[in-house]
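Listing of start.txt; format and content: compact mmCIF, N, CA and C atoms.
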```txt
# COMPACT_ATOMS: atom_id res chain seq x y z
N MET S 1 0.84 -1.16 0.00
CA MET S 1 0.00 0.00 0.00
C MET S 1 0.89 1.24 0.00
N PRO S 2 0.74 2.13 -0.98
CA PRO S 2 1.58 3.32 -1.03
C PRO S 2 1.23 4.32 0.07
N GLU S 3 2.20 5.15 0.39
CA GLU S 3 2.02 6.19 1.40
C GLU S 3 2.66 7.47 0.87
N TYR S 4 1.92 8.59 0.98
CA TYR S 4 2.41 9.89 0.55
C TYR S 4 2.32 10.84 1.73
N THR S 5 3.37 11.64 1.95
CA THR S 5 3.42 12.51 3.13
C THR S 5 3.95 13.88 2.78
N ASN S 6 3.81 14.80 3.73
CA ASN S 6 4.43 16.11 3.70
C ASN S 6 4.54 16.58 5.14
N ALA S 7 5.74 16.61 5.67
CA ALA S 7 5.93 16.98 7.07
C ALA S 7 6.00 18.49 7.27
N ALA S 8 6.17 19.25 6.21
CA ALA S 8 6.30 20.70 6.32
C ALA S 8 4.92 21.35 6.48
N VAL S 9 4.89 22.47 7.19
CA VAL S 9 3.65 23.26 7.31
C VAL S 9 3.39 23.90 5.96
N GLN S 10 2.15 23.89 5.54
CA GLN S 10 1.78 24.55 4.28
C GLN S 10 0.47 25.30 4.43
N THR S 11 0.32 26.37 3.69
CA THR S 11 -0.93 27.11 3.65
C THR S 11 -1.67 26.65 2.41
N VAL S 12 -2.93 26.26 2.60
CA VAL S 12 -3.73 25.71 1.52
C VAL S 12 -4.91 26.63 1.28
N ALA S 13 -5.05 27.12 0.06
CA ALA S 13 -6.18 27.98 -0.29
C ALA S 13 -7.46 27.15 -0.35
N VAL S 14 -8.58 27.81 -0.20
CA VAL S 14 -9.88 27.13 -0.25
C VAL S 14 -10.02 26.36 -1.57
N ASN S 15 -10.48 25.12 -1.47
CA ASN S 15 -10.72 24.22 -2.60
C ASN S 15 -9.46 23.89 -3.40
N GLN S 16 -8.31 23.95 -2.77
CA GLN S 16 -7.06 23.55 -3.41
C GLN S 16 -6.53 22.28 -2.77
N ASN S 17 -5.57 21.66 -3.42
CA ASN S 17 -5.02 20.40 -2.95
C ASN S 17 -4.02 20.58 -1.83
N VAL S 18 -4.02 19.64 -0.90
CA VAL S 18 -2.94 19.51 0.07
C VAL S 18 -1.83 18.78 -0.69
N LEU S 19 -0.63 19.33 -0.69
CA LEU S 19 0.47 18.76 -1.47
C LEU S 19 1.25 17.73 -0.68
N PHE S 20 1.70 16.70 -1.37
CA PHE S 20 2.53 15.66 -0.77
C PHE S 20 3.89 15.69 -1.45
N THR S 21 4.95 15.76 -0.65
CA THR S 21 6.29 15.93 -1.20
C THR S 21 7.18 14.70 -1.03
N GLU S 22 6.76 13.75 -0.23
CA GLU S 22 7.55 12.54 -0.01
C GLU S 22 6.72 11.29 -0.32
N THR S 23 7.42 10.24 -0.72
CA THR S 23 6.80 8.95 -0.98
C THR S 23 7.56 7.90 -0.18
N PRO S 24 7.27 7.74 1.13
CA PRO S 24 7.98 6.74 1.93
C PRO S 24 7.78 5.33 1.40
N VAL S 25 6.57 5.05 0.89
CA VAL S 25 6.27 3.73 0.32
C VAL S 25 5.53 3.98 -0.99
N GLY S 26 6.14 3.58 -2.09
CA GLY S 26 5.50 3.75 -3.40
C GLY S 26 4.80 2.48 -3.85
N CYS S 27 4.10 2.56 -4.96
CA CYS S 27 3.45 1.40 -5.56
C CYS S 27 4.34 0.89 -6.68
N ASN S 28 4.90 -0.30 -6.51
CA ASN S 28 5.83 -0.85 -7.48
C ASN S 28 5.17 -1.32 -8.78
N ARG S 29 3.89 -1.52 -8.78
CA ARG S 29 3.20 -2.06 -9.95
C ARG S 29 2.52 -0.99 -10.80
N GLY S 30 2.51 0.25 -10.35
CA GLY S 30 1.88 1.31 -11.13
C GLY S 30 0.39 1.42 -10.99
N TYR S 31 -0.19 0.75 -9.98
CA TYR S 31 -1.64 0.84 -9.77
C TYR S 31 -2.04 2.18 -9.14
N VAL S 32 -1.14 2.75 -8.36
CA VAL S 32 -1.37 4.05 -7.72
C VAL S 32 -0.21 4.95 -8.15
N THR S 33 -0.53 6.05 -8.82
CA THR S 33 0.52 6.94 -9.31
C THR S 33 0.22 8.38 -8.93
N ARG S 34 1.29 9.16 -8.90
CA ARG S 34 1.15 10.60 -8.68
C ARG S 34 2.45 11.27 -9.04
N ARG S 35 2.38 12.57 -9.25
CA ARG S 35 3.57 13.37 -9.53
C ARG S 35 4.07 13.92 -8.22
N GLU S 36 5.39 13.81 -7.98
CA GLU S 36 5.99 14.31 -6.73
C GLU S 36 5.65 15.78 -6.54
N GLY S 37 5.22 16.16 -5.33
CA GLY S 37 4.85 17.54 -5.03
C GLY S 37 3.42 17.88 -5.39
N SER S 38 2.65 16.92 -5.83
CA SER S 38 1.27 17.15 -6.22
C SER S 38 0.32 16.60 -5.16
N GLY S 39 -0.92 17.03 -5.19
CA GLY S 39 -1.94 16.49 -4.31
C GLY S 39 -2.88 15.55 -5.04
N LEU S 40 -2.65 15.34 -6.33
CA LEU S 40 -3.50 14.47 -7.13
C LEU S 40 -2.93 13.07 -7.16
N VAL S 41 -3.79 12.08 -6.97
CA VAL S 41 -3.40 10.68 -6.98
C VAL S 41 -4.29 9.96 -7.99
N THR S 42 -3.69 9.13 -8.84
CA THR S 42 -4.46 8.36 -9.82
C THR S 42 -4.47 6.90 -9.38
N LEU S 43 -5.66 6.34 -9.25
CA LEU S 43 -5.85 4.94 -8.90
C LEU S 43 -6.25 4.20 -10.17
N ARG S 44 -5.58 3.10 -10.45
CA ARG S 44 -5.87 2.35 -11.67
C ARG S 44 -6.49 1.00 -11.33
N GLY S 45 -7.52 0.63 -12.05
CA GLY S 45 -8.21 -0.63 -11.85
C GLY S 45 -7.62 -1.75 -12.68
N ILE S 46 -6.37 -2.08 -12.43
CA ILE S 46 -5.69 -3.12 -13.21
C ILE S 46 -5.84 -4.45 -12.47
N THR S 47 -6.85 -5.20 -12.81
CA THR S 47 -7.07 -6.52 -12.23
C THR S 47 -7.64 -7.43 -13.29
N ASN S 48 -7.72 -8.71 -13.03
CA ASN S 48 -8.34 -9.65 -13.96
C ASN S 48 -9.84 -9.42 -14.07
N GLN S 49 -10.43 -8.71 -13.11
CA GLN S 49 -11.87 -8.48 -13.09
C GLN S 49 -12.26 -7.12 -13.66
N CYS S 50 -11.27 -6.36 -14.15
CA CYS S 50 -11.49 -5.03 -14.75
C CYS S 50 -11.99 -4.00 -13.75
N ARG S 51 -11.85 -4.25 -12.49
CA ARG S 51 -12.18 -3.25 -11.49
C ARG S 51 -11.43 -3.56 -10.20
N ALA S 52 -11.36 -2.57 -9.37
CA ALA S 52 -10.65 -2.72 -8.10
C ALA S 52 -11.34 -1.83 -7.07
N ARG S 53 -10.96 -1.99 -5.82
CA ARG S 53 -11.48 -1.14 -4.75
C ARG S 53 -10.29 -0.73 -3.90
N TYR S 54 -10.17 0.56 -3.65
CA TYR S 54 -9.09 1.10 -2.85
C TYR S 54 -9.65 1.77 -1.61
N LYS S 55 -8.96 1.61 -0.49
CA LYS S 55 -9.29 2.38 0.70
C LYS S 55 -8.32 3.55 0.73
N VAL S 56 -8.87 4.75 0.71
CA VAL S 56 -8.09 5.98 0.72
C VAL S 56 -8.30 6.64 2.07
N ALA S 57 -7.19 7.03 2.74
CA ALA S 57 -7.29 7.62 4.08
C ALA S 57 -6.36 8.82 4.19
N PHE S 58 -6.73 9.74 5.08
CA PHE S 58 -5.92 10.93 5.35
C PHE S 58 -5.84 11.17 6.84
N GLY S 59 -4.70 11.68 7.27
CA GLY S 59 -4.53 12.13 8.65
C GLY S 59 -3.56 13.28 8.66
N GLY S 60 -3.80 14.26 9.50
CA GLY S 60 -2.91 15.41 9.59
C GLY S 60 -3.32 16.34 10.70
N ASN S 61 -2.63 17.44 10.78
CA ASN S 61 -2.92 18.48 11.78
C ASN S 61 -3.29 19.75 11.03
N ILE S 62 -4.40 20.39 11.44
CA ILE S 62 -4.83 21.61 10.77
C ILE S 62 -5.05 22.72 11.80
N ALA S 63 -4.87 23.95 11.35
CA ALA S 63 -5.05 25.11 12.22
C ALA S 63 -5.33 26.34 11.37
N VAL S 64 -5.90 27.36 11.99
CA VAL S 64 -6.05 28.66 11.35
C VAL S 64 -4.70 29.37 11.46
N PRO S 65 -4.15 29.89 10.36
CA PRO S 65 -2.84 30.52 10.42
C PRO S 65 -2.87 31.87 11.14
N THR S 66 -1.71 32.32 11.56
CA THR S 66 -1.56 33.65 12.16
C THR S 66 -2.12 34.67 11.19
N GLY S 67 -2.89 35.62 11.70
CA GLY S 67 -3.52 36.62 10.86
C GLY S 67 -4.93 36.23 10.43
N GLY S 68 -5.31 34.97 10.64
CA GLY S 68 -6.65 34.51 10.30
C GLY S 68 -7.61 34.74 11.45
N THR S 69 -8.83 34.33 11.26
CA THR S 69 -9.86 34.44 12.28
C THR S 69 -10.26 33.03 12.71
N ALA S 70 -10.25 32.79 14.00
CA ALA S 70 -10.63 31.47 14.52
C ALA S 70 -12.06 31.15 14.10
N GLY S 71 -12.27 29.95 13.63
CA GLY S 71 -13.58 29.49 13.18
C GLY S 71 -13.46 28.11 12.59
N PRO S 72 -14.56 27.51 12.16
CA PRO S 72 -14.53 26.15 11.62
C PRO S 72 -13.63 26.05 10.38
N ILE S 73 -12.84 24.98 10.32
CA ILE S 73 -12.03 24.67 9.15
C ILE S 73 -12.21 23.20 8.82
N SER S 74 -12.08 22.86 7.53
CA SER S 74 -12.37 21.50 7.08
C SER S 74 -11.33 21.01 6.08
N VAL S 75 -11.17 19.70 6.05
CA VAL S 75 -10.44 19.01 4.99
C VAL S 75 -11.32 17.86 4.53
N ALA S 76 -11.15 17.46 3.26
CA ALA S 76 -11.99 16.39 2.72
C ALA S 76 -11.25 15.62 1.64
N LEU S 77 -11.62 14.37 1.48
CA LEU S 77 -11.19 13.60 0.32
C LEU S 77 -12.13 13.99 -0.82
N ALA S 78 -11.59 14.03 -2.04
CA ALA S 78 -12.40 14.38 -3.19
C ALA S 78 -12.13 13.42 -4.33
N VAL S 79 -13.15 13.16 -5.12
CA VAL S 79 -13.02 12.35 -6.33
C VAL S 79 -13.35 13.26 -7.51
N ASN S 80 -12.42 13.34 -8.44
CA ASN S 80 -12.57 14.22 -9.61
C ASN S 80 -12.92 15.66 -9.21
N GLY S 81 -12.33 16.12 -8.12
CA GLY S 81 -12.52 17.50 -7.68
C GLY S 81 -13.74 17.74 -6.81
N GLU S 82 -14.57 16.74 -6.62
CA GLU S 82 -15.78 16.90 -5.81
C GLU S 82 -15.57 16.27 -4.44
N ALA S 83 -15.69 17.08 -3.39
CA ALA S 83 -15.52 16.58 -2.02
C ALA S 83 -16.57 15.53 -1.70
N LEU S 84 -16.13 14.48 -1.03
CA LEU S 84 -17.06 13.41 -0.61
C LEU S 84 -17.64 13.78 0.75
N ASN S 85 -18.96 13.87 0.84
CA ASN S 85 -19.61 14.22 2.11
C ASN S 85 -19.30 13.22 3.21
N SER S 86 -19.01 11.99 2.84
CA SER S 86 -18.71 10.96 3.82
C SER S 86 -17.26 10.98 4.28
N ALA S 87 -16.43 11.85 3.71
CA ALA S 87 -15.00 11.88 4.03
C ALA S 87 -14.54 13.31 4.31
N VAL S 88 -15.23 13.97 5.24
CA VAL S 88 -14.92 15.35 5.62
C VAL S 88 -14.62 15.40 7.12
N ALA S 89 -13.62 16.18 7.49
CA ALA S 89 -13.34 16.44 8.90
C ALA S 89 -13.40 17.95 9.12
N THR S 90 -14.17 18.38 10.11
CA THR S 90 -14.30 19.80 10.45
C THR S 90 -13.95 19.98 11.91
N VAL S 91 -13.12 20.99 12.20
CA VAL S 91 -12.77 21.32 13.58
C VAL S 91 -13.00 22.82 13.77
N THR S 92 -13.19 23.22 15.03
CA THR S 92 -13.40 24.63 15.34
C THR S 92 -12.42 25.07 16.42
N PRO S 93 -11.26 25.59 16.00
CA PRO S 93 -10.29 26.05 16.99
C PRO S 93 -10.77 27.34 17.66
N ALA S 94 -10.40 27.51 18.92
CA ALA S 94 -10.78 28.71 19.66
C ALA S 94 -9.83 29.87 19.38
N ALA S 95 -8.64 29.56 18.84
CA ALA S 95 -7.64 30.59 18.56
C ALA S 95 -6.82 30.19 17.34
N VAL S 96 -6.15 31.18 16.74
CA VAL S 96 -5.25 30.87 15.63
C VAL S 96 -4.07 30.06 16.13
N GLU S 97 -3.46 29.30 15.24
CA GLU S 97 -2.32 28.44 15.55
C GLU S 97 -2.64 27.35 16.56
N GLU S 98 -3.92 27.07 16.80
CA GLU S 98 -4.33 25.97 17.67
C GLU S 98 -4.58 24.75 16.78
N TYR S 99 -3.65 23.80 16.82
CA TYR S 99 -3.70 22.66 15.91
C TYR S 99 -4.65 21.58 16.42
N PHE S 100 -5.34 20.95 15.47
CA PHE S 100 -6.22 19.81 15.74
C PHE S 100 -5.75 18.65 14.89
N ASN S 101 -5.76 17.45 15.46
CA ASN S 101 -5.49 16.24 14.71
C ASN S 101 -6.76 15.82 14.00
N VAL S 102 -6.66 15.58 12.71
CA VAL S 102 -7.79 15.05 11.95
C VAL S 102 -7.29 13.77 11.28
N PHE S 103 -7.53 12.65 11.97
CA PHE S 103 -7.11 11.35 11.47
C PHE S 103 -8.34 10.48 11.26
N GLY S 104 -8.22 9.55 10.37
CA GLY S 104 -9.32 8.61 10.16
C GLY S 104 -10.29 9.03 9.09
N ILE S 105 -9.98 10.09 8.32
CA ILE S 105 -10.82 10.42 7.17
C ILE S 105 -10.54 9.34 6.14
N SER S 106 -11.53 8.56 5.79
CA SER S 106 -11.27 7.49 4.83
C SER S 106 -12.55 7.16 4.06
N THR S 107 -12.35 6.50 2.93
CA THR S 107 -13.46 6.05 2.11
C THR S 107 -12.99 4.91 1.22
N LEU S 108 -13.92 4.10 0.76
CA LEU S 108 -13.62 3.08 -0.23
C LEU S 108 -13.97 3.64 -1.60
N ILE S 109 -13.03 3.51 -2.53
CA ILE S 109 -13.23 4.03 -3.88
C ILE S 109 -13.27 2.85 -4.85
N PRO S 110 -14.43 2.55 -5.46
CA PRO S 110 -14.46 1.51 -6.49
C PRO S 110 -13.88 2.09 -7.77
N ILE S 111 -13.00 1.35 -8.42
CA ILE S 111 -12.27 1.87 -9.57
C ILE S 111 -12.56 1.04 -10.81
N LYS S 112 -12.82 1.74 -11.88
CA LYS S 112 -12.83 1.14 -13.21
C LYS S 112 -11.62 1.75 -13.91
N PRO S 113 -11.10 1.17 -14.94
CA PRO S 113 -9.93 1.74 -15.60
C PRO S 113 -10.11 3.22 -15.93
N SER S 114 -9.06 3.99 -15.72
CA SER S 114 -8.99 5.42 -16.02
C SER S 114 -9.80 6.30 -15.08
N PHE S 115 -10.27 5.79 -13.96
CA PHE S 115 -10.98 6.59 -12.97
C PHE S 115 -9.95 7.39 -12.18
N LEU S 116 -10.17 8.65 -11.96
CA LEU S 116 -9.20 9.51 -11.29
C LEU S 116 -9.66 9.87 -9.89
N MET S 117 -8.78 9.79 -8.93
CA MET S 117 -9.06 10.20 -7.56
C MET S 117 -8.21 11.41 -7.25
N ARG S 118 -8.84 12.46 -6.75
CA ARG S 118 -8.11 13.65 -6.35
C ARG S 118 -8.20 13.80 -4.86
N TYR S 119 -7.11 14.23 -4.30
CA TYR S 119 -7.09 14.53 -2.88
C TYR S 119 -7.17 16.04 -2.76
N LEU S 120 -8.18 16.55 -2.09
CA LEU S 120 -8.44 17.98 -2.07
C LEU S 120 -8.50 18.49 -0.65
N GLY S 121 -7.70 19.50 -0.33
CA GLY S 121 -7.78 20.16 0.96
C GLY S 121 -8.79 21.27 0.86
N GLN S 122 -9.82 21.24 1.62
CA GLN S 122 -10.89 22.23 1.53
C GLN S 122 -10.73 23.32 2.55
N SER S 123 -9.57 23.85 2.68
CA SER S 123 -9.37 24.81 3.74
C SER S 123 -8.42 25.90 3.31
N SER S 124 -8.64 27.10 3.76
CA SER S 124 -7.71 28.17 3.51
C SER S 124 -6.70 28.23 4.65
N ARG S 125 -6.66 27.20 5.43
CA ARG S 125 -5.81 27.13 6.60
C ARG S 125 -4.57 26.30 6.31
N LYS S 126 -3.65 26.30 7.22
CA LYS S 126 -2.47 25.49 6.99
C LYS S 126 -2.56 24.17 7.73
N ARG S 127 -1.72 23.26 7.30
CA ARG S 127 -1.73 21.92 7.85
C ARG S 127 -0.30 21.43 7.97
N CYS S 128 -0.02 20.74 9.03
CA CYS S 128 1.27 20.08 9.18
C CYS S 128 1.14 18.71 8.56
N GLY S 129 2.25 18.14 8.16
CA GLY S 129 2.24 16.83 7.51
C GLY S 129 1.87 15.72 8.47
N THR S 130 1.72 14.55 7.90
CA THR S 130 1.33 13.38 8.67
C THR S 130 2.54 12.64 9.14
```
Output the structure of this file as structure tokens.
Amino acid sequence: MPEYTNAAVQTVAVNQNVLFTETPVGCNRGYVTRREGSGLVTLRGITNQCRARYKVAFGGNIAVPTGGTAGPISVALAVNGEALNSAVATVTPAAVEEYFNVFGISTLIPIKPSFLMRYLGQSSRKRCGT
């Protein structure tokens, strides 16, 4: 199972991708691909049955950056740019720079060949890597 990470703090604009800069564990068979430094991941349904199912999960720390206003912030998994309602985490910090752990955001993605999965950070806030 591949793993993509980014340990650096980053500021993510609303409806933009959370970027991943490291690949501690890659996919040797090419079933899961991505470009280094991107937040987009492509899942391929290469099986004898012409389809596959992937469990996609996210975990990280999110906060309102300095200069922002404390209030609800969210991150979500997205497929083809559309956030999945079943894979959203929302936290409400009382102050800026107050980090919250958001782990366990996950979903099962049924894949047919050429189906694209996008990972989308739905927050104008920053996040520390996983």
Enumerate the residues of chain S with a DSSP assignment of strand (DSSP E or B), computed from the backbone, and present them as a PyMOL selection string. chain S and resi 3-5+10-11+16+22-25+32-33+40-43+52-63+73-79+82-91+100-111+116-121+126-128
Would you list the contacts of Pro24 (chain S) as a ChimeraX atom specification, taking every protein, DNA or RNA residue within 8 Å and counting all atoms listed in the file, but skipping same-chain residues closer than 6 positions in sequence? /S:2-5
Give me, as a list in words, all polymer residues having an atom no more than 5 Å from region 93-110 of chain S, counting only N, CA and C atoms and skipping those fewer than 2 positions away in the same chain.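 Everything that qualifies: Ala52, Arg53, Tyr54, Lys55, Val56, Ala57, Phe58, Gly59, Gly60, Asn61, Ile62, Ala63, Val64, Pro65, Ala70, Gly71, Val91 and Lys112 of chain S.
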To one decimal place in Å, what is the distance between atom N of Thr66 (chain S) and atom N of Asn17 (chain S)? 18.8 Å
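The coordinates place atom N of Thr42 (chain S) at 25.2 Å from CA of Ile73 (chain S).
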Would you mind completing region 76-92 of chain S so that it carries N, CA, C and O atoms, and writing it out as a compact mmCIF listing (two decimals), in the frame of the given file?
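Saved file result_16.txt follows:
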```txt
# COMPACT_ATOMS: atom_id res chain seq x y z
N ALA S 76 -11.15 17.46 3.26
CA ALA S 76 -11.99 16.39 2.72
C ALA S 76 -11.25 15.62 1.64
O ALA S 76 -10.37 16.16 0.98
N LEU S 77 -11.62 14.37 1.48
CA LEU S 77 -11.19 13.60 0.32
C LEU S 77 -12.13 13.99 -0.82
O LEU S 77 -13.32 14.24 -0.60
N ALA S 78 -11.59 14.03 -2.04
CA ALA S 78 -12.40 14.38 -3.19
C ALA S 78 -12.13 13.42 -4.33
O ALA S 78 -11.02 12.93 -4.49
N VAL S 79 -13.15 13.16 -5.12
CA VAL S 79 -13.02 12.35 -6.33
C VAL S 79 -13.35 13.26 -7.51
O VAL S 79 -14.41 13.87 -7.53
N ASN S 80 -12.42 13.34 -8.44
CA ASN S 80 -12.57 14.22 -9.61
C ASN S 80 -12.92 15.66 -9.21
O ASN S 80 -13.72 16.31 -9.85
N GLY S 81 -12.33 16.12 -8.12
CA GLY S 81 -12.52 17.50 -7.68
C GLY S 81 -13.74 17.74 -6.81
O GLY S 81 -13.94 18.84 -6.32
N GLU S 82 -14.57 16.74 -6.62
CA GLU S 82 -15.78 16.90 -5.81
C GLU S 82 -15.57 16.27 -4.44
O GLU S 82 -15.28 15.08 -4.33
N ALA S 83 -15.69 17.08 -3.39
CA ALA S 83 -15.52 16.58 -2.02
C ALA S 83 -16.57 15.53 -1.70
O ALA S 83 -17.74 15.67 -2.07
N LEU S 84 -16.13 14.48 -1.03
CA LEU S 84 -17.06 13.41 -0.61
C LEU S 84 -17.64 13.78 0.75
O LEU S 84 -16.90 13.95 1.72
N ASN S 85 -18.96 13.87 0.84
CA ASN S 85 -19.61 14.22 2.11
C ASN S 85 -19.30 13.22 3.21
O ASN S 85 -19.30 13.57 4.39
N SER S 86 -19.01 11.99 2.84
CA SER S 86 -18.71 10.96 3.82
C SER S 86 -17.26 10.98 4.28
O SER S 86 -16.88 10.20 5.14
N ALA S 87 -16.43 11.85 3.71
CA ALA S 87 -15.00 11.88 4.03
C ALA S 87 -14.54 13.31 4.31
O ALA S 87 -13.62 13.81 3.68
N VAL S 88 -15.23 13.97 5.24
CA VAL S 88 -14.92 15.35 5.62
C VAL S 88 -14.62 15.40 7.12
O VAL S 88 -15.29 14.74 7.90
N ALA S 89 -13.62 16.18 7.49
CA ALA S 89 -13.34 16.44 8.90
C ALA S 89 -13.40 17.95 9.12
O ALA S 89 -12.76 18.70 8.39
N THR S 90 -14.17 18.38 10.11
CA THR S 90 -14.30 19.80 10.45
C THR S 90 -13.95 19.98 11.91
O THR S 90 -14.43 19.23 12.77
N VAL S 91 -13.12 20.99 12.20
CA VAL S 91 -12.77 21.32 13.58
C VAL S 91 -13.00 22.82 13.77
O VAL S 91 -13.02 23.58 12.82
N THR S 92 -13.19 23.22 15.03
CA THR S 92 -13.40 24.63 15.34
C THR S 92 -12.42 25.07 16.42
O THR S 92 -12.69 24.94 17.61
```
